[in-house]
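**Student:** Starting off with a structure, shown below.
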Amino acid sequence: MEFIELLKSELAVVIVGATPIFELRGAIPLGISLGFTPIQSTILSIFGNILPVPFLLLLLRPIFTFLRKFKKFDKMINWLENRTLRRSKKMKKYTLLGLYLLVAIPLPTTGAYTGSLAATLFNMRFKFAFPTIVAGVVTAGFIMYLLSSVGVMVLE
């Protein structure tokens, strides 16, 4: 029974890591609050955060193309594209380095989802975008790990 409870907790951290908005920034503290060490929480969160990236990179363009046929969704997609392009102007100039930094810096409105969207909007090839986003997620995970470790030490 204890194994099932542990599996549920691990799955919760992975799922939060895979969700937009929360990503690593929410999953790592969640894992620590569930009793995982900062390193365990970070590994689960990184795994969860990387999980949706290949699907996003492969499916965003066809989904956007389909949804643009509907006026209501067209406006929403335009807003999302414009917002992402505004936030990633420098990324276009530096391409892979810019994409890496966009994903690696764990701030609100950055991360794997924004990076995948930006890579799609800039028509980056999967074979370049995916490893760059993964490297950014790992870096963001390391930064959050350091911050979480300091936080755990302060609370002890």
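Identifiers for the structure tokens are assigned positionally: chains receive A, B, ... in sequence, residues are indexed from 1 per chain, and ligands are indexed from 1 in the order shown.
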Considering only C-alpha atoms, return as a PyMOL selection string whatever protein or nucleic-acid residues lie within 12 Å of Ile28 in chain A, sequence-local ones (same chain, fewer than 5 positions apart) excluded.
**Tutor:** chain A and resi 10+12-18+22-23+33-49+106+140-149+151-152
**Student:** With distances taken over only C-alpha atoms, which of A:Ser9, A:Thr19, A:Thr95, A:Thr109 is nearest to Thr132 in chain A?
**Tutor:** A:Thr95
**Student:** Check the smallest atom-to-atom distance from each of A:Val103, A:Leu57, A:Leu97, A:Ile21 to Ser116 in chain A using only C-alpha atoms, then report the winner.
**Tutor:**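 Residue with the minimum atom-to-atom distance to Ser116 in chain A: A:Leu57.
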**Student:** Just the alpha helix (DSSP H) stuff from range 52-116 of chain A, please, per backbone DSSP, written as a count of residues only.
**Tutor:** 53
**Student:** What is the distance, in Å and to one decimal place, between CA of Leu96 in chain A and CA of Arg61 in chain A?
**Tutor:** 19.2 Å
**Student:** Contacts of Asn78 in chain A at 10 Å or less, counting only C-alpha atoms, minus same-chain residues fewer than 6 places along, as an mmCIF file with C-alpha atoms, in the first residue's frame?
**Tutor:**
```cif
data_model
loop_
_atom_site.group_PDB
_atom_site.id
_atom_site.type_symbol
_atom_site.label_atom_id
_atom_site.label_comp_id
_atom_site.auth_asym_id
_atom_site.auth_seq_id
_atom_site.Cartn_x
_atom_site.Cartn_y
_atom_site.Cartn_z
ATOM 1 C CA PHE A 64 -3.507 25.968 -35.165
ATOM 2 C CA ARG A 68 -8.052 29.051 -37.540
ATOM 3 C CA THR A 84 4.677 34.784 -27.758
#
```
**Student:** Quick one: distance from CA of Pro52 in chain A to CA of Ala112 in chain A in Å, one decimal?
**Tutor:**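 Pair CA of Pro52 in chain A / CA of Ala112 in chain A returns 8.5 Å.
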**Student:** Extract, using only C-alpha atoms, all DNA, RNA and protein residues at most 12 Å from Lys127 in chain A, discarding same-chain residues fewer than 6 positions from it, and format them as a list in words.
**Tutor:** Pro54, Leu57, Leu58, Leu96, Ala119, Ile133 and Val134 of chain A
**Student:** Can those selected residues be exported to a file as a PDB file, in the first residue's frame so that it contains N, CA and C atoms?
**Tutor:**
```pdb
ATOM      1  N   PRO A  54       7.672  16.905 -27.279  1.00  0.00           N
ATOM      2  CA  PRO A  54       7.617  16.380 -28.649  1.00  0.00           C
ATOM      3  C   PRO A  54       6.226  16.502 -29.278  1.00  0.00           C
ATOM      4  N   LEU A  57       5.682  20.184 -30.270  1.00  0.00           N
ATOM      5  CA  LEU A  57       6.448  20.552 -31.465  1.00  0.00           C
ATOM      6  C   LEU A  57       5.850  19.948 -32.735  1.00  0.00           C
ATOM      7  N   LEU A  58       5.318  18.760 -32.628  1.00  0.00           N
ATOM      8  CA  LEU A  58       4.767  18.086 -33.812  1.00  0.00           C
ATOM      9  C   LEU A  58       3.316  18.462 -34.108  1.00  0.00           C
ATOM     10  N   LEU A  96      18.810  29.340 -31.596  1.00  0.00           N
ATOM     11  CA  LEU A  96      18.899  28.252 -30.620  1.00  0.00           C
ATOM     12  C   LEU A  96      19.292  28.749 -29.236  1.00  0.00           C
ATOM     13  N   ALA A 119       9.263  27.984 -30.956  1.00  0.00           N
ATOM     14  CA  ALA A 119       9.950  27.174 -31.966  1.00  0.00           C
ATOM     15  C   ALA A 119       9.020  26.885 -33.145  1.00  0.00           C
ATOM     16  N   ILE A 133      15.209  22.687 -26.242  1.00  0.00           N
ATOM     17  CA  ILE A 133      14.191  22.836 -25.187  1.00  0.00           C
ATOM     18  C   ILE A 133      14.509  21.903 -24.016  1.00  0.00           C
ATOM     19  N   VAL A 134      14.928  20.687 -24.298  1.00  0.00           N
ATOM     20  CA  VAL A 134      15.296  19.754 -23.221  1.00  0.00           C
ATOM     21  C   VAL A 134      16.447  20.333 -22.398  1.00  0.00           C
TER      22      VAL A 134
END
```
**Student:** List as a ChimeraX atom specification the protein and nucleic acid residues near Thr110 in chain A, meaning an atom at most 12 Å away when only C-alpha atoms are counted, but skip any in the same chain fewer than 5 places from it.
**Tutor:** /A:20-25,83-84,87-88,91,98-105,115-118,133,136-137,140
**Student:** Expressed in Å to a single decimal, how great is the separation between CA of Gly31 in chain A and CA of Val150 in chain A?
**Tutor:**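 Separation of CA of Gly31 in chain A and CA of Val150 in chain A: 15.1 Å.
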**Student:** Contacts of Leu80 in chain A at 10 Å or less, counting only C-alpha atoms, minus same-chain residues fewer than 5 places along, as a PDB file with C-alpha atoms, in the first residue's frame?
**Tutor:**
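Okay, this is what ended up in part-v7.pdb:
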```
ATOM      1  CA  ASP A  74      -8.623  32.460 -34.863  1.00  0.00           C
ATOM      2  CA  LYS A  75      -8.684  35.504 -32.570  1.00  0.00           C
ATOM      3  CA  LEU A  85       6.380  36.673 -30.586  1.00  0.00           C
ATOM      4  CA  ARG A  86       6.565  39.848 -28.462  1.00  0.00           C
ATOM      5  CA  THR A 114       6.398  28.913 -24.461  1.00  0.00           C
ATOM      6  CA  LEU A 117       5.241  27.583 -29.209  1.00  0.00           C
TER       7      LEU A 117
END
```
**Student:** My list of candidates is A:Ile4, A:Leu107, A:Met124, A:Ile63. Which is closest to Gly26 in chain A when distances are computed with only C-alpha atoms?
**Tutor:**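 Looking at the shortest contact to Gly26 in chain A, the residue is A:Leu107.
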